[in-house]
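> What follows is a structure written as structure tokens; I'll ask about it next.
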Amino acid sequence: MPVIEAFRGIRYDLGHVGSLSDVTAPPYDVIGPEMQDELYKRHPANAIRLILNRDEPGDDEEHNRYSRAARFLRNWQREGVLRADGDPAIYVYHQEFAYGGQQFTRRGFMSRVRLQRFGEGNIYPHEETHSAAKEDRLKLTKACRANLSQIFGLYPDPDNAAQEILEGAIQGVIPTESTDHLGVVHRIWPVSDVKRIAELGAIVGPKPMFVADGHHRYETACNYRDYLDEQGKLTDTSSANSVLTMCVSMNDPGMIVLPTHRLFRGLPPIASDELANRLNQHFDTRVAGEGVDLADTLWETIELEGDQGQMACFCSQDQRWVNVRLNQQGAAKMAELASDRSDDWRGLGVSILQRLILEDLLGATDLPKPKYVHLVEELVDAIQRDAAAPEFSLAVLVMPATLDHVRAISEHGERMPAKSTYFYPKLLSGLVINSLE
């Protein structure tokens, strides 16, 4: 892992804003128009005005949502709504949440992390990125000259030794707290003890880091650093050499990865028997029953068995499920289709679904973007709402990649198909801002 650095975080003054819950926001890329409107109404200083400002009539190259975000940031700092902490710190960050009837706490810390281009060091991506998102984030960074949201980085630490150093520093200290729209409680504590920070750096320094979330923002940070260098404005001590990062041990008990199930548009309607016939040479197939309500039972079996090659496919034409499991012929076909990929990549459920089922066996190479959901009830709800005029001809329950997959595939220098992982819960924006000036 590259060098971690303490920094003087810019944070909301609760004397000005009242509740931190009113001014924080989810990451920009999970915010739709309705949530954007709700966050705008929640508080005049909500971070939504920074991370995802609205387009307005009359916007042009000089006056637009990026320039408005920068103006809000400057004004809030001038007015004392946002204040820089007095001492450089590492920020301990806990997230308390419920999933599957259990309570979890995910623990990590926010710091600056020294930038490395992917492929040039031991910071690894695990998913593909898109140029449009990076262009958007670069415009915002140039305007605001700040990291408004944190990267999510994972590092191996079997004993969680690094985090325990920080946990000792916050015992008995009251945190700053925010509760998000899903009921997740987010707590942060600044730790400015130089000795503890040095001990932390000594433990994580030799370790690799895997970007779990925020690939576009990480690459944007590299692009912004290079932009300043081209302008002759970058020095060895420039804060733009680093990026605000939430660092979490891959071995933390609160680290869970949710699946990302798919509902496909643009496929010709297909009945369960036909689907089974088209897949049965490469999969062991079974028509598992009729009715979308079988989703929970089918998913429980898939999740319990933990086989990446097993999926459940719902055919809207006859409302039936087909359970499929990759067989030896299917594995051989995947090896042929993805001969340039590692065994780890070829064994991923999402890789098998995309490369073998959709592109090869169904011949669907240019489909519109599918609808992605993470909970079975979300998939069921989408299918039920879609029943009158079906938009989704096929829905698939598919296993998520594991943390072991993330590490192995990243270290191979490969990237997983899009939406291979969903790290829950999301990190909040607005807890702390890192100035790049």
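How things are named: the first chain in the structure tokens is A, the next is B, and so on; residues count from 1 in each chain; ligands count from 1 in the order shown.
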If we count only C-alpha atoms, what is near range 154-168 of chain A at a cut-off of 8 Å, once residues fewer than 6 positions away on the same chain are taken out, given as a list in words?

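My reading of the contact set: Met1, Val92, Arg107, Gly108, Phe109, Val191, Arg196, Glu199, Leu200, Ile203, Val204, Lys207, Pro208, Met209, Phe210, Val211, Ala212, Cys247, Val248, Ser249, Met250, Asn251 and Asp252 of chain A.
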
> Go ahead and write the residues just picked, C-alpha atoms, as a PDB file, in the first residue's frame.


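So the final result, stored in part19.pdb, reads:
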ATOM      1  CA  MET A   1       0.000   0.000   0.000  1.00  0.00           C
ATOM      2  CA  VAL A  92     -11.594   6.526  12.148  1.00  0.00           C
ATOM      3  CA  ARG A 107     -14.454  -0.350  10.722  1.00  0.00           C
ATOM      4  CA  GLY A 108     -11.904   1.615   8.760  1.00  0.00           C
ATOM      5  CA  PHE A 109     -10.033   4.898   8.607  1.00  0.00           C
ATOM      6  CA  VAL A 191      -6.994  10.758  15.585  1.00  0.00           C
ATOM      7  CA  ARG A 196      -0.204   6.012  16.509  1.00  0.00           C
ATOM      8  CA  GLU A 199       2.580   2.800  13.810  1.00  0.00           C
ATOM      9  CA  LEU A 200      -0.399   2.575  11.467  1.00  0.00           C
ATOM     10  CA  ILE A 203       1.749  -1.849   9.290  1.00  0.00           C
ATOM     11  CA  VAL A 204      -0.135  -0.906   6.132  1.00  0.00           C
ATOM     12  CA  LYS A 207       0.547  -4.114   1.922  1.00  0.00           C
ATOM     13  CA  PRO A 208      -1.281  -3.874  -1.419  1.00  0.00           C
ATOM     14  CA  MET A 209      -4.500  -1.905  -1.737  1.00  0.00           C
ATOM     15  CA  PHE A 210      -7.469  -2.932  -3.875  1.00  0.00           C
ATOM     16  CA  VAL A 211      -9.950  -0.266  -4.957  1.00  0.00           C
ATOM     17  CA  ALA A 212     -13.368  -1.558  -3.899  1.00  0.00           C
ATOM     18  CA  CYS A 247      -9.105   2.090   4.127  1.00  0.00           C
ATOM     19  CA  VAL A 248     -10.713  -1.127   5.404  1.00  0.00           C
ATOM     20  CA  SER A 249      -9.102  -4.437   6.258  1.00  0.00           C
ATOM     21  CA  MET A 250     -10.294  -7.261   4.014  1.00  0.00           C
ATOM     22  CA  ASN A 251     -10.503  -9.295   7.213  1.00  0.00           C
ATOM     23  CA  ASP A 252     -12.782  -6.902   9.085  1.00  0.00           C
TER      24      ASP A 252
END

> Give me, as a Markdown table, the closest atom pair and its distance (Å, one decimal) for every residue of range 364-431 of chain A within a cut-off of 8 Å of range 281-296 of chain A, counting only C-alpha atoms, rows sorted by chain and rising number.


| residue | atom | partner | partner_atom | distance |
| --- | --- | --- | --- | --- |
| A:Val376 | CA | A:Asp296 | CA | 6.5 |
| A:Glu377 | CA | A:Asp296 | CA | 7.9 |
| A:Val380 | CA | A:Val292 | CA | 6.2 |
| A:Ile383 | CA | A:Val292 | CA | 7.5 |
| A:Gln384 | CA | A:Val292 | CA | 7.8 |

> Counting only C-alpha atoms, which residue out of A:Glu127, A:Glu56, A:Glu79, A:Asp180 sits closest to Ser19 in chain A?

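Checking each of A:Glu127, A:Glu56, A:Glu79, A:Asp180 against Ser19 in chain A, counting only C-alpha atoms, the winner is A:Asp180.
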
> Would you mind reading off the distance between CA of Asn280 in chain A and CA of Asp340 in chain A, one decimal, in Å?

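If I compute the distance from CA of Asn280 in chain A to CA of Asp340 in chain A, I get 25.1 Å.
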
> Please determine, counting only C-alpha atoms, which residue among A:Asn53, A:Glu96, A:Trp299, A:Asn277 has the shortest atom-to-atom distance to Thr179 in chain A.

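Closest candidate: A:Glu96.
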
> Please identify the strand (DSSP E or B) residues within range 65-202 of chain A (assignment by DSSP from backbone atoms) and present them as a PDB file with C-alpha atoms, in the first residue's frame.


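Dumped everything to states-v2.pdb:
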ATOM      1  CA  LEU A  82     -17.314  24.160   6.863  1.00  0.00           C
ATOM      2  CA  ARG A  83     -14.139  24.419   8.933  1.00  0.00           C
ATOM      3  CA  ALA A  84     -10.692  22.873   8.615  1.00  0.00           C
ATOM      4  CA  ALA A  89      -5.503  13.646  11.559  1.00  0.00           C
ATOM      5  CA  ILE A  90      -6.488  10.184  10.446  1.00  0.00           C
ATOM      6  CA  TYR A  91     -10.274   9.778  10.675  1.00  0.00           C
ATOM      7  CA  VAL A  92     -11.594   6.526  12.148  1.00  0.00           C
ATOM      8  CA  TYR A  93     -14.857   5.634  10.405  1.00  0.00           C
ATOM      9  CA  HIS A  94     -17.391   3.060  11.636  1.00  0.00           C
ATOM     10  CA  GLN A  95     -20.583   2.016   9.864  1.00  0.00           C
ATOM     11  CA  GLU A  96     -23.238   0.168  11.861  1.00  0.00           C
ATOM     12  CA  PHE A  97     -25.859  -1.635   9.769  1.00  0.00           C
ATOM     13  CA  ALA A  98     -28.200  -4.586   9.579  1.00  0.00           C
ATOM     14  CA  TYR A  99     -28.213  -7.240   6.868  1.00  0.00           C
ATOM     15  CA  GLN A 102     -27.753  -9.613  11.742  1.00  0.00           C
ATOM     16  CA  GLN A 103     -26.050  -6.461  13.001  1.00  0.00           C
ATOM     17  CA  PHE A 104     -22.615  -5.540  11.657  1.00  0.00           C
ATOM     18  CA  THR A 105     -20.007  -2.854  12.252  1.00  0.00           C
ATOM     19  CA  ARG A 106     -17.545  -2.154   9.466  1.00  0.00           C
ATOM     20  CA  ARG A 107     -14.454  -0.350  10.722  1.00  0.00           C
ATOM     21  CA  GLY A 108     -11.904   1.615   8.760  1.00  0.00           C
ATOM     22  CA  PHE A 109     -10.033   4.898   8.607  1.00  0.00           C
ATOM     23  CA  MET A 110      -9.910   7.827   6.216  1.00  0.00           C
ATOM     24  CA  SER A 111      -6.552   9.264   5.217  1.00  0.00           C
ATOM     25  CA  ARG A 112      -4.756  10.627   2.238  1.00  0.00           C
ATOM     26  CA  VAL A 113      -3.180   7.839   0.178  1.00  0.00           C
ATOM     27  CA  ARG A 114      -0.289   8.594  -2.159  1.00  0.00           C
ATOM     28  CA  ILE A 123      -2.744  -0.222  -5.899  1.00  0.00           C
ATOM     29  CA  TYR A 124      -5.080  -2.357  -7.984  1.00  0.00           C
ATOM     30  CA  GLU A 127     -13.634  -3.243 -12.270  1.00  0.00           C
ATOM     31  CA  ALA A 146     -10.904  19.179  -3.379  1.00  0.00           C
ATOM     32  CA  ASN A 147     -11.726  15.503  -2.861  1.00  0.00           C
ATOM     33  CA  ILE A 151     -12.169   6.261  -2.438  1.00  0.00           C
ATOM     34  CA  PHE A 152     -12.911   2.879  -0.830  1.00  0.00           C
ATOM     35  CA  GLY A 153      -9.725   0.824  -0.534  1.00  0.00           C
ATOM     36  CA  LEU A 154      -9.207  -2.690   0.854  1.00  0.00           C
ATOM     37  CA  TYR A 155      -5.967  -4.071   2.266  1.00  0.00           C
ATOM     38  CA  THR A 176     -19.541  12.725  15.154  1.00  0.00           C
ATOM     39  CA  GLU A 177     -22.526  10.775  13.853  1.00  0.00           C
ATOM     40  CA  SER A 178     -24.821  10.678  10.823  1.00  0.00           C
ATOM     41  CA  THR A 179     -27.672   8.306   9.938  1.00  0.00           C
ATOM     42  CA  VAL A 185     -25.231   4.822  11.298  1.00  0.00           C
ATOM     43  CA  HIS A 186     -21.936   6.461  10.308  1.00  0.00           C
ATOM     44  CA  ARG A 187     -19.511   7.558  13.043  1.00  0.00           C
ATOM     45  CA  ILE A 188     -16.131   9.299  12.726  1.00  0.00           C
ATOM     46  CA  TRP A 189     -13.367  10.240  15.138  1.00  0.00           C
ATOM     47  CA  PRO A 190     -10.242  12.275  14.300  1.00  0.00           C
ATOM     48  CA  VAL A 191      -6.994  10.758  15.585  1.00  0.00           C
TER      49      VAL A 191
END

> Using only C-alpha atoms, which residues of range 51-165 of chain A come within 9 Å of range 214-235 of chain A, and what is the closest atom pair for each, with the distance in Å to one decimal? Give it as a Markdown table, sorted by chain and residue number.


| residue | atom | partner | partner_atom | distance |
| --- | --- | --- | --- | --- |
| A:Leu115 | CA | A:Cys222 | CA | 6.7 |
| A:Gln116 | CA | A:Cys222 | CA | 7.5 |
| A:Arg117 | CA | A:Cys222 | CA | 6.7 |
| A:Phe118 | CA | A:Glu219 | CA | 8.3 |
| A:Pro125 | CA | A:His215 | CA | 6.8 |
| A:His126 | CA | A:His215 | CA | 8.4 |
| A:Glu127 | CA | A:His215 | CA | 7.5 |
| A:Glu128 | CA | A:His215 | CA | 8.0 |
| A:Thr129 | CA | A:His216 | CA | 6.1 |
| A:His130 | CA | A:His216 | CA | 7.5 |
| A:Ser131 | CA | A:His216 | CA | 8.4 |
| A:Ala133 | CA | A:His216 | CA | 6.5 |
| A:Lys134 | CA | A:His216 | CA | 5.4 |
| A:Glu135 | CA | A:Thr220 | CA | 7.8 |
| A:Arg137 | CA | A:Thr220 | CA | 6.4 |
| A:Leu138 | CA | A:Thr220 | CA | 5.6 |
| A:Thr141 | CA | A:Tyr224 | CA | 7.3 |
| A:Lys142 | CA | A:Tyr224 | CA | 7.3 |
| A:Asn147 | CA | A:Ala221 | CA | 8.3 |
| A:Ser149 | CA | A:Arg217 | CA | 8.4 |
| A:Gln150 | CA | A:Gly214 | CA | 7.5 |
| A:Ile151 | CA | A:Gly214 | CA | 4.9 |
| A:Phe152 | CA | A:Gly214 | CA | 6.2 |
| A:Gly153 | CA | A:Gly214 | CA | 8.6 |

> My list of candidates is A:Leu436, A:Met35, A:Ile174, A:Leu20. Which is closest to Ser239 in chain A when distances are computed with only C-alpha atoms?

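Nearest to Ser239 in chain A: A:Leu436.
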
> Set the distance at 6 Å and use only C-alpha atoms: which residues neighbour range 395-407 of chain A once local chain neighbours fewer than 4 positions away are removed? I'd like the list as a list in words.

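That gives Pro259, His261, Arg262, Leu263, Gln308, Met311, Ala312, Cys313, Phe314, Gly349, Ser420 and Thr421 of chain A.
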
> Kindly save the residues from that selection, with N, CA and C atoms included, as a PDB file, in the first residue's frame.


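The new file part33.pdb reads:
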ATOM      1  N   PRO A 259     -24.637  -9.452  -3.769  1.00  0.00           N
ATOM      2  CA  PRO A 259     -24.737  -9.779  -5.200  1.00  0.00           C
ATOM      3  C   PRO A 259     -25.324  -8.623  -5.991  1.00  0.00           C
ATOM      4  N   HIS A 261     -27.804  -8.735  -8.994  1.00  0.00           N
ATOM      5  CA  HIS A 261     -28.633  -9.509  -9.907  1.00  0.00           C
ATOM      6  C   HIS A 261     -29.000  -8.650 -11.128  1.00  0.00           C
ATOM      7  N   ARG A 262     -29.346  -9.306 -12.214  1.00  0.00           N
ATOM      8  CA  ARG A 262     -29.580  -8.610 -13.481  1.00  0.00           C
ATOM      9  C   ARG A 262     -30.989  -8.837 -14.009  1.00  0.00           C
ATOM     10  N   LEU A 263     -31.575  -7.761 -14.571  1.00  0.00           N
ATOM     11  CA  LEU A 263     -32.804  -7.864 -15.349  1.00  0.00           C
ATOM     12  C   LEU A 263     -32.477  -7.312 -16.732  1.00  0.00           C
ATOM     13  N   GLN A 308     -20.112 -20.441  -7.921  1.00  0.00           N
ATOM     14  CA  GLN A 308     -20.176 -19.327  -8.868  1.00  0.00           C
ATOM     15  C   GLN A 308     -20.833 -19.732 -10.187  1.00  0.00           C
ATOM     16  N   MET A 311     -26.768 -20.463 -11.280  1.00  0.00           N
ATOM     17  CA  MET A 311     -27.630 -19.286 -11.402  1.00  0.00           C
ATOM     18  C   MET A 311     -29.074 -19.727 -11.532  1.00  0.00           C
ATOM     19  N   ALA A 312     -29.977 -18.787 -11.300  1.00  0.00           N
ATOM     20  CA  ALA A 312     -31.407 -19.023 -11.529  1.00  0.00           C
ATOM     21  C   ALA A 312     -31.907 -17.967 -12.500  1.00  0.00           C
ATOM     22  N   CYS A 313     -32.532 -18.414 -13.592  1.00  0.00           N
ATOM     23  CA  CYS A 313     -32.965 -17.531 -14.674  1.00  0.00           C
ATOM     24  C   CYS A 313     -34.499 -17.509 -14.746  1.00  0.00           C
ATOM     25  N   PHE A 314     -35.081 -16.325 -14.735  1.00  0.00           N
ATOM     26  CA  PHE A 314     -36.539 -16.176 -14.814  1.00  0.00           C
ATOM     27  C   PHE A 314     -36.927 -15.731 -16.215  1.00  0.00           C
ATOM     28  N   GLY A 349     -19.116 -15.985 -11.580  1.00  0.00           N
ATOM     29  CA  GLY A 349     -20.483 -16.108 -12.070  1.00  0.00           C
ATOM     30  C   GLY A 349     -20.838 -15.038 -13.078  1.00  0.00           C
ATOM     31  N   SER A 420     -19.616  -6.499 -10.721  1.00  0.00           N
ATOM     32  CA  SER A 420     -19.306  -7.820 -10.174  1.00  0.00           C
ATOM     33  C   SER A 420     -19.454  -7.841  -8.657  1.00  0.00           C
ATOM     34  N   THR A 421     -19.281  -6.667  -8.043  1.00  0.00           N
ATOM     35  CA  THR A 421     -19.342  -6.567  -6.585  1.00  0.00           C
ATOM     36  C   THR A 421     -20.245  -5.406  -6.180  1.00  0.00           C
TER      37      THR A 421
END

> Between A:Val184, A:Ala198, A:Leu50, A:Ala418, which residue has the minimum interatomic distance to Val350 in chain A, considering only C-alpha atoms?

A:Ala418

> So, counting only C-alpha atoms, which residue among A:Leu379, A:Pro417, A:Leu267, A:Thr297 is closest to Arg355 in chain A?

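When distances to Arg355 in chain A are compared using only C-alpha atoms, the smallest one comes from A:Pro417.
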
> When distances are computed from only C-alpha atoms, which of A:Asp366, A:Asp318, A:Glu61, A:Asp13 shows the smallest separation from Gln77 in chain A?

A:Asp13

> Could you please write out, as a PyMOL selection string, every residue of range 71-119 of chain A that DSSP assigns to helix (DSSP H, G or I)?

chain A and resi 71-79

> Using only C-alpha atoms, which residues of range 139-230 of chain A come within 8 Å of range 63-74 of chain A, and what is the closest atom pair for each, with the distance in Å to one decimal? Give it as a Markdown table, sorted by chain and residue number.


| residue | atom | partner | partner_atom | distance |
| --- | --- | --- | --- | --- |
| A:Lys139 | CA | A:Tyr66 | CA | 6.7 |
| A:Leu140 | CA | A:Tyr66 | CA | 5.2 |
| A:Ala143 | CA | A:Ala70 | CA | 5.6 |
| A:Cys144 | CA | A:Ala70 | CA | 4.5 |

> Quick one: distance from CA of Asp29 in chain A to CA of Leu375 in chain A in Å, one decimal?

18.4 Å

> Kindly give the distance, in Å, that separates CA of Arg385 in chain A and CA of Arg320 in chain A, rounded to a single decimal.

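Pair CA of Arg385 in chain A / CA of Arg320 in chain A returns 16.5 Å.
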